[in-house]
There are 4 protein chains.
Amino acid sequence: MNVTDAKPTPFSFPPASTALIVIDMQVDFMERGGWADAIGLDVDALAPVVPVIAALLDCFRQAGMPVIFTREGHRPDLADCPPFKLARRSPKVGDQGPRGRYMVTGEVCNDIIPELAPLPGEPVIDKPGAGSFYATQLDQILRLKGVTHLVITGVTTDVCVNATIREGNDRGYGCLLIEDATASYNADFTDAIFAMLRTGIAGATAQCADLIAAIGSAALARAIA
Amino acid sequence: MNVTDAKPTPFSFPPASTALIVIDMQVDFMERGGWADAIGLDVDALAPVVPVIAALLDCFRQAGMPVIFTREGHRPDLADCPPFKLARRSPKVGDQGPRGRYMVTGEVCNDIIPELAPLPGEPVIDKPGAGSFYATQLDQILRLKGVTHLVITGVTTDVCVNATIREGNDRGYGCLLIEDATASYNADFTDAIFAMLRTGIAGATAQCADLIAAIGSAALARAIA
Amino acid sequence: MNVTDAKPTPFSFPPASTALIVIDMQVDFMERGGWADAIGLDVDALAPVVPVIAALLDCFRQAGMPVIFTREGHRPDLADCPPFKLARRSPKVGDQGPRGRYMVTGEVCNDIIPELAPLPGEPVIDKPGAGSFYATQLDQILRLKGVTHLVITGVTTDVCVNATIREGNDRGYGCLLIEDATASYNADFTDAIFAMLRTGIAGATAQCADLIAAIGSAALARAIA
Amino acid sequence: MNVTDAKPTPFSFPPASTALIVIDMQVDFMERGGWADAIGLDVDALAPVVPVIAALLDCFRQAGMPVIFTREGHRPDLADCPPFKLARRSPKVGDQGPRGRYMVTGEVCNDIIPELAPLPGEPVIDKPGAGSFYATQLDQILRLKGVTHLVITGVTTDVCVNATIREGNDRGYGCLLIEDATASYNADFTDAIFAMLRTGIAGATAQCADLIAAIGSAALARAIA
């Protein structure tokens, strides 16, 4: 077991069974011309997490630890989109935007941003909701990989990250949220989720540099062995 | 469809298909001698929601609308309790307290408080986690009752209520959180969840009195018809 | 409610809430060069169901009733394929065949046969297992479409059809298996599943012509109205 | 890994991660005065499996391997019972019989037969359907115990055993059905399920004596070490 500094207490993790979960780092939430931008949210507020997640991807890949991406989106016919979600915003899920139909799987605007593009063999989970476990293969893939601990990153902290960490904790996964690798459009929401999780009720939170240091020594140890 | 004042926008609901969900109003979270009290949380902070939920129970029962309770707890052998949860607090889940073993199904301290006791025929869902849908029959029961809209109440706002509203929203249920019928040990957390939900991202929030007024007129209309 | 002759008793169904489920009518199971053929199974034994399912598709489409397809397959990295399944046969899931990698989503051999090609807007569910509900969006899509009754067709009767009808029945869907629209490589298995289901324990069975007659009169009634 | 003789090929299993699953050995299915008896099924046909399962329970308990029971039943208000199931038989689920309400959790007739009574600490899963995974905590408990292989026993072979083995196989569990530890009211159905499973499509089948021999040597090895 490796150990990283974390709140409320240090977080122990077995590197071979710990996966990096990169949540919804997709054009629709991160870039101009995507859905969030179209409905008036400030996508620039999320930009600082990109290089942090890139560093974590480098670290996990070099250490041979599993990496899984999620993407929130819907079928072209919107058969998996609840009516409440469709009615919630204008433009709506499925409307045509400058970079494709908003929040529709397969469209340019629904893909993961190029800076964080998955490598071949890294699973991408298309999910219809905020939580990454509902109506997806995430649990199946984690089970088959023998994953027991999740390092959670991505956007937005109060919606999809919040939902996923609750689902993961209920299923018995040890969950660690990386504070500088997650953001919301409203920074108060990000801070509130951090405060909630720092009580330890659903896992722990850490800083990217601390986790990389904790993994790095493991990679080093393996290189020596 | 009835309509209640709500944030961010009025909330429409079909009374016959709208269920009151009362989350975890159990001795372990609400009273002295339960688990929350034992680990040092201020259970008095939650007391104000009791009469509000009692009023909602009266209203739903009189209107003939479905009522469902949840209770977080574990089997006596703790087979359904993740190790991370066991390790999190002292005293631990399963330890003996003055009113039974903490957070164990069937113990006095795990039962719903007498002021809000379920009536015969009102389902009580024993759940192993924060979310009310994971590893339970809640979705089955809602489906069989034809429920499409959830009025969510109970404790705590940032943990079990937060998790359940996310799960319910992902499954396509219209979710309405009653602000004065939910609380956390830390009032800042309660306020933060309200602020998040008032954006409309996972449903809406309302006040108890507004919802009762909206239901009452329906009951009245039915009485007249 | 319409009613079709069925065993053990006539089957009532509301046309607008009844979906045709077409299970795994994919090259890998149905044609030469697919996986079943490669492991030595007789794909010709399944051919008779193709025109029957085609007739049902015509009927449901004309009546405006929902149609959903499933396809058993795995991610290119096989992250969702259990090791027991990988070890079971030679050639294996994921091996290269004459029409692509066997049982891998996106390969020619994993696609639905051209005679039964889905129309735009008809959902196709990629599933990692035999059951169509596990780790898929099927339940979400049925729920959002308001579907309560399933007309089940496809291959093979004893594996994916058997698993799906059990899952559907447990979830409260009224399930009707169309006998001449399903087959197994071993006809004894097909007959055995029919005998089990004709007891009524998990639904009912019917003949294609009877169901079409029962729907046809509904379509006629709607055309008149 | 231990190995038992099995069909179609020997079955390897790690004893510490292999659980005995005892399905629905309850009065309602096994004894006079229960539901099966009331609807006219021949409960004597199932009696031969009782001593076989008793022997397996002894073996697993002595070897310190996990044991889990299931019980099909419904809440007293039948909120979790699909209408199709209610309508299927007479007397119905929930009707009063000589040993309590049929198929209702908590009634004498719904309890496990005394010969196979669970010991304290052995989980009993109350399930609303045929499959043991749907709307239950079984998967959570297996996950938390680190179980990867299931030895499946109980009744009836074509309904709850058939459904559970399909669900378990889809989730990646290695499944072994013990032929002399399972039965149906109709012996042809039992034989048909054996024939299907002996193809290896969803696991394997074995005889009780072979499995006990394979476990026994492991217990012996552990005693020596």
# chains A, B, ... in the order shown; residues from 1 in each chain; ligands from 1
$ calpha_fit_and_write --fixed "chain A" --moving "chain D" --output "PDB file with C-alpha atoms, in the first residue's frame"
ATOM      1  CA  MET D   1       0.028  -0.001   0.004  1.00  0.00           C
ATOM      2  CA  ASN D   2       1.198   3.495  -0.880  1.00  0.00           C
ATOM      3  CA  VAL D   3       0.061   6.472   1.165  1.00  0.00           C
ATOM      4  CA  THR D   4      -0.645  10.043   0.147  1.00  0.00           C
ATOM      5  CA  ASP D   5      -1.259  13.044   2.301  1.00  0.00           C
ATOM      6  CA  ALA D   6      -4.999  13.730   2.258  1.00  0.00           C
ATOM      7  CA  LYS D   7      -7.876  15.199   4.246  1.00  0.00           C
ATOM      8  CA  PRO D   8      -9.153  14.336   6.737  1.00  0.00           C
ATOM      9  CA  THR D   9      -6.474  11.644   7.069  1.00  0.00           C
ATOM     10  CA  PRO D  10      -3.759  10.102   4.864  1.00  0.00           C
ATOM     11  CA  PHE D  11      -5.123   7.882   2.098  1.00  0.00           C
ATOM     12  CA  SER D  12      -3.642   4.421   1.550  1.00  0.00           C
ATOM     13  CA  PHE D  13      -3.950   2.785  -1.856  1.00  0.00           C
ATOM     14  CA  PRO D  14      -2.613  -0.283  -3.652  1.00  0.00           C
ATOM     15  CA  PRO D  15      -1.229   1.105  -6.946  1.00  0.00           C
ATOM     16  CA  ALA D  16      -2.147  -1.900  -9.088  1.00  0.00           C
ATOM     17  CA  SER D  17      -5.774  -1.680  -7.927  1.00  0.00           C
ATOM     18  CA  THR D  18      -6.195   2.095  -8.056  1.00  0.00           C
ATOM     19  CA  ALA D  19      -7.769   3.704 -11.130  1.00  0.00           C
ATOM     20  CA  LEU D  20      -7.733   7.298 -12.316  1.00  0.00           C
ATOM     21  CA  ILE D  21     -11.282   8.360 -13.204  1.00  0.00           C
ATOM     22  CA  VAL D  22     -11.434  11.376 -15.529  1.00  0.00           C
ATOM     23  CA  ILE D  23     -14.984  12.677 -15.511  1.00  0.00           C
ATOM     24  CA  ASP D  24     -16.599  14.530 -18.422  1.00  0.00           C
ATOM     25  CA  MET D  25     -13.571  16.488 -19.705  1.00  0.00           C
ATOM     26  CA  GLN D  26     -15.511  17.000 -22.919  1.00  0.00           C
ATOM     27  CA  VAL D  27     -15.907  19.898 -25.318  1.00  0.00           C
ATOM     28  CA  ASP D  28     -19.542  20.347 -24.258  1.00  0.00           C
ATOM     29  CA  PHE D  29     -18.397  21.360 -20.777  1.00  0.00           C
ATOM     30  CA  MET D  30     -14.890  22.726 -21.397  1.00  0.00           C
ATOM     31  CA  GLU D  31     -14.765  24.767 -24.599  1.00  0.00           C
ATOM     32  CA  ARG D  32     -16.447  27.548 -26.493  1.00  0.00           C
ATOM     33  CA  GLY D  33     -19.059  26.235 -28.852  1.00  0.00           C
ATOM     34  CA  GLY D  34     -20.081  23.448 -26.492  1.00  0.00           C
ATOM     35  CA  TRP D  35     -23.287  23.175 -24.508  1.00  0.00           C
ATOM     36  CA  ALA D  36     -22.164  24.852 -21.271  1.00  0.00           C
ATOM     37  CA  ASP D  37     -20.923  27.821 -23.231  1.00  0.00           C
ATOM     38  CA  ALA D  38     -24.190  27.965 -25.161  1.00  0.00           C
ATOM     39  CA  ILE D  39     -26.324  28.080 -22.021  1.00  0.00           C
ATOM     40  CA  GLY D  40     -24.193  30.883 -20.616  1.00  0.00           C
ATOM     41  CA  LEU D  41     -21.767  29.168 -18.256  1.00  0.00           C
ATOM     42  CA  ASP D  42     -18.176  30.378 -18.024  1.00  0.00           C
ATOM     43  CA  VAL D  43     -16.075  27.544 -19.409  1.00  0.00           C
ATOM     44  CA  ASP D  44     -12.861  29.443 -18.657  1.00  0.00           C
ATOM     45  CA  ALA D  45     -13.474  28.713 -14.989  1.00  0.00           C
ATOM     46  CA  LEU D  46     -12.735  25.051 -15.666  1.00  0.00           C
ATOM     47  CA  ALA D  47      -9.578  25.490 -17.739  1.00  0.00           C
ATOM     48  CA  PRO D  48      -7.069  25.304 -14.858  1.00  0.00           C
ATOM     49  CA  VAL D  49      -7.810  21.626 -14.245  1.00  0.00           C
ATOM     50  CA  VAL D  50      -6.625  20.560 -17.706  1.00  0.00           C
ATOM     51  CA  PRO D  51      -2.857  20.564 -17.071  1.00  0.00           C
ATOM     52  CA  VAL D  52      -3.388  18.995 -13.650  1.00  0.00           C
ATOM     53  CA  ILE D  53      -5.330  16.091 -15.115  1.00  0.00           C
ATOM     54  CA  ALA D  54      -2.722  15.831 -17.884  1.00  0.00           C
ATOM     55  CA  ALA D  55      -0.050  15.400 -15.225  1.00  0.00           C
ATOM     56  CA  LEU D  56      -2.087  12.718 -13.483  1.00  0.00           C
ATOM     57  CA  LEU D  57      -2.602  10.893 -16.772  1.00  0.00           C
ATOM     58  CA  ASP D  58       1.151  10.913 -17.349  1.00  0.00           C
ATOM     59  CA  CYS D  59       1.772   9.611 -13.878  1.00  0.00           C
ATOM     60  CA  PHE D  60      -0.793   6.792 -14.015  1.00  0.00           C
ATOM     61  CA  ARG D  61       0.296   5.752 -17.504  1.00  0.00           C
ATOM     62  CA  GLN D  62       3.954   5.635 -16.559  1.00  0.00           C
ATOM     63  CA  ALA D  63       3.156   3.653 -13.443  1.00  0.00           C
ATOM     64  CA  GLY D  64       1.001   1.231 -15.433  1.00  0.00           C
ATOM     65  CA  MET D  65      -2.064   2.069 -13.352  1.00  0.00           C
ATOM     66  CA  PRO D  66      -5.530   1.941 -14.957  1.00  0.00           C
ATOM     67  CA  VAL D  67      -7.148   5.035 -16.451  1.00  0.00           C
ATOM     68  CA  ILE D  68     -10.858   5.387 -17.261  1.00  0.00           C
ATOM     69  CA  PHE D  69     -12.692   8.307 -18.865  1.00  0.00           C
ATOM     70  CA  THR D  70     -16.359   9.222 -18.744  1.00  0.00           C
ATOM     71  CA  ARG D  71     -18.393  11.353 -21.096  1.00  0.00           C
ATOM     72  CA  GLU D  72     -21.960  12.520 -20.456  1.00  0.00           C
ATOM     73  CA  GLY D  73     -24.040  12.264 -23.581  1.00  0.00           C
ATOM     74  CA  HIS D  74     -27.124  10.865 -25.192  1.00  0.00           C
ATOM     75  CA  ARG D  75     -28.101   8.723 -28.139  1.00  0.00           C
ATOM     76  CA  PRO D  76     -28.920  10.642 -31.309  1.00  0.00           C
ATOM     77  CA  ASP D  77     -32.609   9.826 -30.804  1.00  0.00           C
ATOM     78  CA  LEU D  78     -32.385  11.030 -27.148  1.00  0.00           C
ATOM     79  CA  ALA D  79     -34.089   7.817 -26.050  1.00  0.00           C
ATOM     80  CA  ASP D  80     -31.965   7.820 -22.890  1.00  0.00           C
ATOM     81  CA  CYS D  81     -32.519  11.477 -21.978  1.00  0.00           C
ATOM     82  CA  PRO D  82     -35.107  12.123 -19.250  1.00  0.00           C
ATOM     83  CA  PRO D  83     -37.735  14.721 -20.152  1.00  0.00           C
ATOM     84  CA  PHE D  84     -36.808  16.801 -17.090  1.00  0.00           C
ATOM     85  CA  LYS D  85     -33.284  17.127 -18.441  1.00  0.00           C
ATOM     86  CA  LEU D  86     -34.506  18.063 -21.890  1.00  0.00           C
ATOM     87  CA  ALA D  87     -36.766  20.773 -20.523  1.00  0.00           C
ATOM     88  CA  ARG D  88     -34.158  22.275 -18.248  1.00  0.00           C
ATOM     89  CA  ARG D  89     -32.078  24.526 -20.504  1.00  0.00           C
ATOM     90  CA  SER D  90     -32.091  26.451 -23.737  1.00  0.00           C
ATOM     91  CA  PRO D  91     -30.517  25.509 -26.067  1.00  0.00           C
ATOM     92  CA  LYS D  92     -31.503  21.966 -25.182  1.00  0.00           C
ATOM     93  CA  VAL D  93     -29.645  18.683 -25.151  1.00  0.00           C
ATOM     94  CA  GLY D  94     -29.742  17.534 -28.767  1.00  0.00           C
ATOM     95  CA  ASP D  95     -29.987  20.979 -30.345  1.00  0.00           C
ATOM     96  CA  GLN D  96     -27.560  21.813 -33.123  1.00  0.00           C
ATOM     97  CA  GLY D  97     -24.594  23.965 -32.124  1.00  0.00           C
ATOM     98  CA  PRO D  98     -21.519  25.184 -33.960  1.00  0.00           C
ATOM     99  CA  ARG D  99     -19.611  21.994 -33.140  1.00  0.00           C
ATOM    100  CA  GLY D 100     -22.392  19.441 -33.469  1.00  0.00           C
ATOM    101  CA  ARG D 101     -25.528  18.509 -31.552  1.00  0.00           C
ATOM    102  CA  TYR D 102     -25.103  19.340 -27.871  1.00  0.00           C
ATOM    103  CA  MET D 103     -24.542  16.422 -25.532  1.00  0.00           C
ATOM    104  CA  VAL D 104     -25.031  13.778 -28.202  1.00  0.00           C
ATOM    105  CA  THR D 105     -22.626  10.846 -28.350  1.00  0.00           C
ATOM    106  CA  GLY D 106     -20.508  10.868 -31.483  1.00  0.00           C
ATOM    107  CA  GLU D 107     -20.628  14.622 -32.050  1.00  0.00           C
ATOM    108  CA  VAL D 108     -17.423  16.664 -31.966  1.00  0.00           C
ATOM    109  CA  CYS D 109     -18.716  18.735 -29.077  1.00  0.00           C
ATOM    110  CA  ASN D 110     -19.323  15.625 -27.002  1.00  0.00           C
ATOM    111  CA  ASP D 111     -15.819  14.257 -27.347  1.00  0.00           C
ATOM    112  CA  ILE D 112     -13.044  14.534 -24.785  1.00  0.00           C
ATOM    113  CA  ILE D 113     -10.846  17.587 -25.312  1.00  0.00           C
ATOM    114  CA  PRO D 114      -7.716  16.878 -27.367  1.00  0.00           C
ATOM    115  CA  GLU D 115      -5.300  17.770 -24.546  1.00  0.00           C
ATOM    116  CA  LEU D 116      -6.610  14.808 -22.545  1.00  0.00           C
ATOM    117  CA  ALA D 117      -7.357  12.388 -25.351  1.00  0.00           C
ATOM    118  CA  PRO D 118      -7.594   8.771 -24.203  1.00  0.00           C
ATOM    119  CA  LEU D 119      -4.971   6.355 -25.494  1.00  0.00           C
ATOM    120  CA  PRO D 120      -6.035   3.175 -27.264  1.00  0.00           C
ATOM    121  CA  GLY D 121      -7.178   0.665 -24.687  1.00  0.00           C
ATOM    122  CA  GLU D 122      -8.235   3.248 -22.114  1.00  0.00           C
ATOM    123  CA  PRO D 123     -11.975   2.763 -21.603  1.00  0.00           C
ATOM    124  CA  VAL D 124     -14.330   5.659 -22.270  1.00  0.00           C
ATOM    125  CA  ILE D 125     -17.702   5.330 -20.539  1.00  0.00           C
ATOM    126  CA  ASP D 126     -20.630   7.085 -22.204  1.00  0.00           C
ATOM    127  CA  LYS D 127     -23.139   7.846 -19.492  1.00  0.00           C
ATOM    128  CA  PRO D 128     -26.659   9.262 -19.662  1.00  0.00           C
ATOM    129  CA  GLY D 129     -26.612  10.888 -16.231  1.00  0.00           C
ATOM    130  CA  ALA D 130     -24.460  12.658 -13.678  1.00  0.00           C
ATOM    131  CA  GLY D 131     -23.372   9.533 -11.842  1.00  0.00           C
ATOM    132  CA  SER D 132     -20.846   7.398 -13.708  1.00  0.00           C
ATOM    133  CA  PHE D 133     -22.208   4.105 -12.400  1.00  0.00           C
ATOM    134  CA  TYR D 134     -25.872   4.346 -13.385  1.00  0.00           C
ATOM    135  CA  ALA D 135     -26.743   2.541 -16.642  1.00  0.00           C
ATOM    136  CA  THR D 136     -23.094   2.104 -17.637  1.00  0.00           C
ATOM    137  CA  GLN D 137     -20.419  -0.571 -17.659  1.00  0.00           C
ATOM    138  CA  LEU D 138     -18.147   1.260 -15.199  1.00  0.00           C
ATOM    139  CA  ASP D 139     -18.710  -1.118 -12.317  1.00  0.00           C
ATOM    140  CA  GLN D 140     -18.218  -4.136 -14.602  1.00  0.00           C
ATOM    141  CA  ILE D 141     -14.933  -2.751 -15.921  1.00  0.00           C
ATOM    142  CA  LEU D 142     -13.638  -1.849 -12.468  1.00  0.00           C
ATOM    143  CA  ARG D 143     -14.566  -5.282 -11.165  1.00  0.00           C
ATOM    144  CA  LEU D 144     -12.864  -7.069 -14.040  1.00  0.00           C
ATOM    145  CA  LYS D 145      -9.712  -4.968 -13.597  1.00  0.00           C
ATOM    146  CA  GLY D 146      -9.686  -5.708  -9.884  1.00  0.00           C
ATOM    147  CA  VAL D 147      -9.900  -2.011  -9.039  1.00  0.00           C
ATOM    148  CA  THR D 148     -10.692  -1.198  -5.398  1.00  0.00           C
ATOM    149  CA  HIS D 149      -9.651   2.473  -5.125  1.00  0.00           C
ATOM    150  CA  LEU D 150     -10.676   5.432  -7.289  1.00  0.00           C
ATOM    151  CA  VAL D 151      -8.773   8.675  -7.839  1.00  0.00           C
ATOM    152  CA  ILE D 152     -11.465  11.053  -9.041  1.00  0.00           C
ATOM    153  CA  THR D 153     -10.916  14.084 -11.261  1.00  0.00           C
ATOM    154  CA  GLY D 154     -12.868  16.162 -13.766  1.00  0.00           C
ATOM    155  CA  VAL D 155     -15.923  18.345 -14.000  1.00  0.00           C
ATOM    156  CA  THR D 156     -18.086  19.578 -12.571  1.00  0.00           C
ATOM    157  CA  THR D 157     -17.338  19.107  -8.918  1.00  0.00           C
ATOM    158  CA  ASP D 158     -20.862  19.613  -7.636  1.00  0.00           C
ATOM    159  CA  VAL D 159     -22.662  17.606 -10.308  1.00  0.00           C
ATOM    160  CA  CYS D 160     -21.000  14.625 -12.000  1.00  0.00           C
ATOM    161  CA  VAL D 161     -18.034  14.398  -9.647  1.00  0.00           C
ATOM    162  CA  ASN D 162     -20.257  14.695  -6.581  1.00  0.00           C
ATOM    163  CA  ALA D 163     -22.656  12.056  -7.906  1.00  0.00           C
ATOM    164  CA  THR D 164     -19.899   9.644  -8.902  1.00  0.00           C
ATOM    165  CA  ILE D 165     -18.006   9.834  -5.619  1.00  0.00           C
ATOM    166  CA  ARG D 166     -21.235   9.066  -3.728  1.00  0.00           C
ATOM    167  CA  GLU D 167     -21.972   6.099  -5.976  1.00  0.00           C
ATOM    168  CA  GLY D 168     -18.398   4.822  -5.692  1.00  0.00           C
ATOM    169  CA  ASN D 169     -18.328   5.155  -1.933  1.00  0.00           C
ATOM    170  CA  ASP D 170     -21.635   3.288  -1.560  1.00  0.00           C
ATOM    171  CA  ARG D 171     -20.214   0.414  -3.644  1.00  0.00           C
ATOM    172  CA  GLY D 172     -17.235   0.102  -1.320  1.00  0.00           C
ATOM    173  CA  TYR D 173     -14.575   1.762  -3.451  1.00  0.00           C
ATOM    174  CA  GLY D 174     -12.034   3.877  -1.595  1.00  0.00           C
ATOM    175  CA  CYS D 175     -12.498   7.322  -3.162  1.00  0.00           C
ATOM    176  CA  LEU D 176      -9.945  10.132  -3.340  1.00  0.00           C
ATOM    177  CA  LEU D 177     -10.913  13.440  -4.945  1.00  0.00           C
ATOM    178  CA  ILE D 178      -8.003  15.508  -6.303  1.00  0.00           C
ATOM    179  CA  GLU D 179      -8.860  19.083  -5.399  1.00  0.00           C
ATOM    180  CA  ASP D 180      -6.829  20.867  -8.065  1.00  0.00           C
ATOM    181  CA  ALA D 181      -8.075  18.435 -10.715  1.00  0.00           C
ATOM    182  CA  THR D 182     -11.748  19.308 -10.398  1.00  0.00           C
ATOM    183  CA  ALA D 183     -13.815  22.474 -10.802  1.00  0.00           C
ATOM    184  CA  SER D 184     -17.329  23.818 -11.115  1.00  0.00           C
ATOM    185  CA  TYR D 185     -18.626  26.844 -13.001  1.00  0.00           C
ATOM    186  CA  ASN D 186     -19.381  28.317  -9.574  1.00  0.00           C
ATOM    187  CA  ALA D 187     -16.279  28.197  -7.353  1.00  0.00           C
ATOM    188  CA  ASP D 188     -18.400  28.287  -4.212  1.00  0.00           C
ATOM    189  CA  PHE D 189     -19.854  24.933  -5.185  1.00  0.00           C
ATOM    190  CA  THR D 190     -16.396  23.472  -5.642  1.00  0.00           C
ATOM    191  CA  ASP D 191     -15.343  24.682  -2.212  1.00  0.00           C
ATOM    192  CA  ALA D 192     -18.527  23.388  -0.614  1.00  0.00           C
ATOM    193  CA  ILE D 193     -18.003  19.883  -1.999  1.00  0.00           C
ATOM    194  CA  PHE D 194     -14.394  19.956  -0.781  1.00  0.00           C
ATOM    195  CA  ALA D 195     -15.572  20.938   2.694  1.00  0.00           C
ATOM    196  CA  MET D 196     -18.123  18.095   2.732  1.00  0.00           C
ATOM    197  CA  LEU D 197     -15.612  15.492   1.584  1.00  0.00           C
ATOM    198  CA  ARG D 198     -12.890  16.676   3.955  1.00  0.00           C
ATOM    199  CA  THR D 199     -15.072  15.352   6.777  1.00  0.00           C
ATOM    200  CA  GLY D 200     -14.281  11.894   5.442  1.00  0.00           C
ATOM    201  CA  ILE D 201     -17.915  10.891   4.971  1.00  0.00           C
ATOM    202  CA  ALA D 202     -17.446   9.612   1.425  1.00  0.00           C
ATOM    203  CA  GLY D 203     -13.707   9.344   1.000  1.00  0.00           C
ATOM    204  CA  ALA D 204     -10.922  11.897   1.155  1.00  0.00           C
ATOM    205  CA  THR D 205      -9.394  14.766  -0.815  1.00  0.00           C
ATOM    206  CA  ALA D 206      -5.778  15.388  -1.809  1.00  0.00           C
ATOM    207  CA  GLN D 207      -3.593  17.607  -3.962  1.00  0.00           C
ATOM    208  CA  CYS D 208      -2.234  16.363  -7.271  1.00  0.00           C
ATOM    209  CA  ALA D 209       1.392  16.833  -6.305  1.00  0.00           C
ATOM    210  CA  ASP D 210       1.023  14.790  -3.152  1.00  0.00           C
ATOM    211  CA  LEU D 211      -0.605  11.904  -4.996  1.00  0.00           C
ATOM    212  CA  ILE D 212       2.012  11.943  -7.750  1.00  0.00           C
ATOM    213  CA  ALA D 213       4.756  11.853  -5.138  1.00  0.00           C
ATOM    214  CA  ALA D 214       3.090   8.896  -3.471  1.00  0.00           C
ATOM    215  CA  ILE D 215       2.720   7.029  -6.760  1.00  0.00           C
ATOM    216  CA  GLY D 216       6.179   8.026  -7.965  1.00  0.00           C
ATOM    217  CA  SER D 217       7.910   6.334  -5.139  1.00  0.00           C
ATOM    218  CA  ALA D 218       5.936   3.200  -5.941  1.00  0.00           C
ATOM    219  CA  ALA D 219       6.995   3.353  -9.589  1.00  0.00           C
ATOM    220  CA  LEU D 220      10.551   3.831  -8.436  1.00  0.00           C
ATOM    221  CA  ALA D 221      10.329   0.873  -6.096  1.00  0.00           C
ATOM    222  CA  ARG D 222       8.968  -1.262  -8.915  1.00  0.00           C
ATOM    223  CA  ALA D 223      11.747  -0.129 -11.243  1.00  0.00           C
ATOM    224  CA  ILE D 224      14.334  -1.185  -8.667  1.00  0.00           C
ATOM    225  CA  ALA D 225      12.744  -4.556  -7.931  1.00  0.00           C
TER     226      ALA D 225
END
$ select_by_dssp --residues "segment 69-190 of chain C" --states "helix (DSSP H, G or I)" --output "ChimeraX atom specification"
/C:83-86,108-110,114-116,138-145,157-170,187-190
$ select_by_dssp --residues "segment 17-220 of chain A" --states "strand (DSSP E or B)" --output "PyMOL selection string"
chain A and resi 18-23+26+67-72+74+96-98+100-101+104+112+124-127+149-155+174-183+204-206
$ decode --residues "segment 159-168 of chain B" --atoms "N, CA, C and O atoms" --output "short mmCIF file (atom, residue, chain, number, x, y, z; two decimals), in the first residue's frame"
data_model
loop_
_atom_site.label_atom_id
_atom_site.label_comp_id
_atom_site.auth_asym_id
_atom_site.auth_seq_id
_atom_site.Cartn_x
_atom_site.Cartn_y
_atom_site.Cartn_z
N VAL B 159 -25.41 14.45 2.59
CA VAL B 159 -24.99 13.05 2.40
C VAL B 159 -26.13 12.26 1.74
O VAL B 159 -26.23 12.19 0.52
N CYS B 160 -27.03 11.71 2.52
CA CYS B 160 -28.02 10.79 1.95
C CYS B 160 -29.04 11.49 1.07
O CYS B 160 -29.50 10.92 0.07
N VAL B 161 -29.41 12.70 1.41
CA VAL B 161 -30.36 13.45 0.58
C VAL B 161 -29.70 13.83 -0.74
O VAL B 161 -30.27 13.64 -1.82
N ASN B 162 -28.51 14.35 -0.66
CA ASN B 162 -27.72 14.70 -1.85
C ASN B 162 -27.54 13.49 -2.77
O ASN B 162 -27.78 13.57 -3.98
N ALA B 163 -27.15 12.38 -2.20
CA ALA B 163 -26.92 11.17 -3.02
C ALA B 163 -28.21 10.70 -3.67
O ALA B 163 -28.24 10.35 -4.86
N THR B 164 -29.30 10.71 -2.90
CA THR B 164 -30.56 10.19 -3.42
C THR B 164 -31.14 11.07 -4.51
O THR B 164 -31.68 10.57 -5.51
N ILE B 165 -31.03 12.37 -4.35
CA ILE B 165 -31.59 13.26 -5.37
C ILE B 165 -30.81 13.12 -6.68
O ILE B 165 -31.39 13.19 -7.77
N ARG B 166 -29.51 12.88 -6.58
CA ARG B 166 -28.72 12.67 -7.81
C ARG B 166 -29.14 11.36 -8.48
O ARG B 166 -29.31 11.28 -9.70
N GLU B 167 -29.27 10.31 -7.69
CA GLU B 167 -29.69 9.02 -8.25
C GLU B 167 -31.08 9.12 -8.88
O GLU B 167 -31.34 8.58 -9.96
N GLY B 168 -31.99 9.79 -8.18
CA GLY B 168 -33.36 9.91 -8.68
C GLY B 168 -33.42 10.71 -9.97
O GLY B 168 -34.11 10.34 -10.92
#
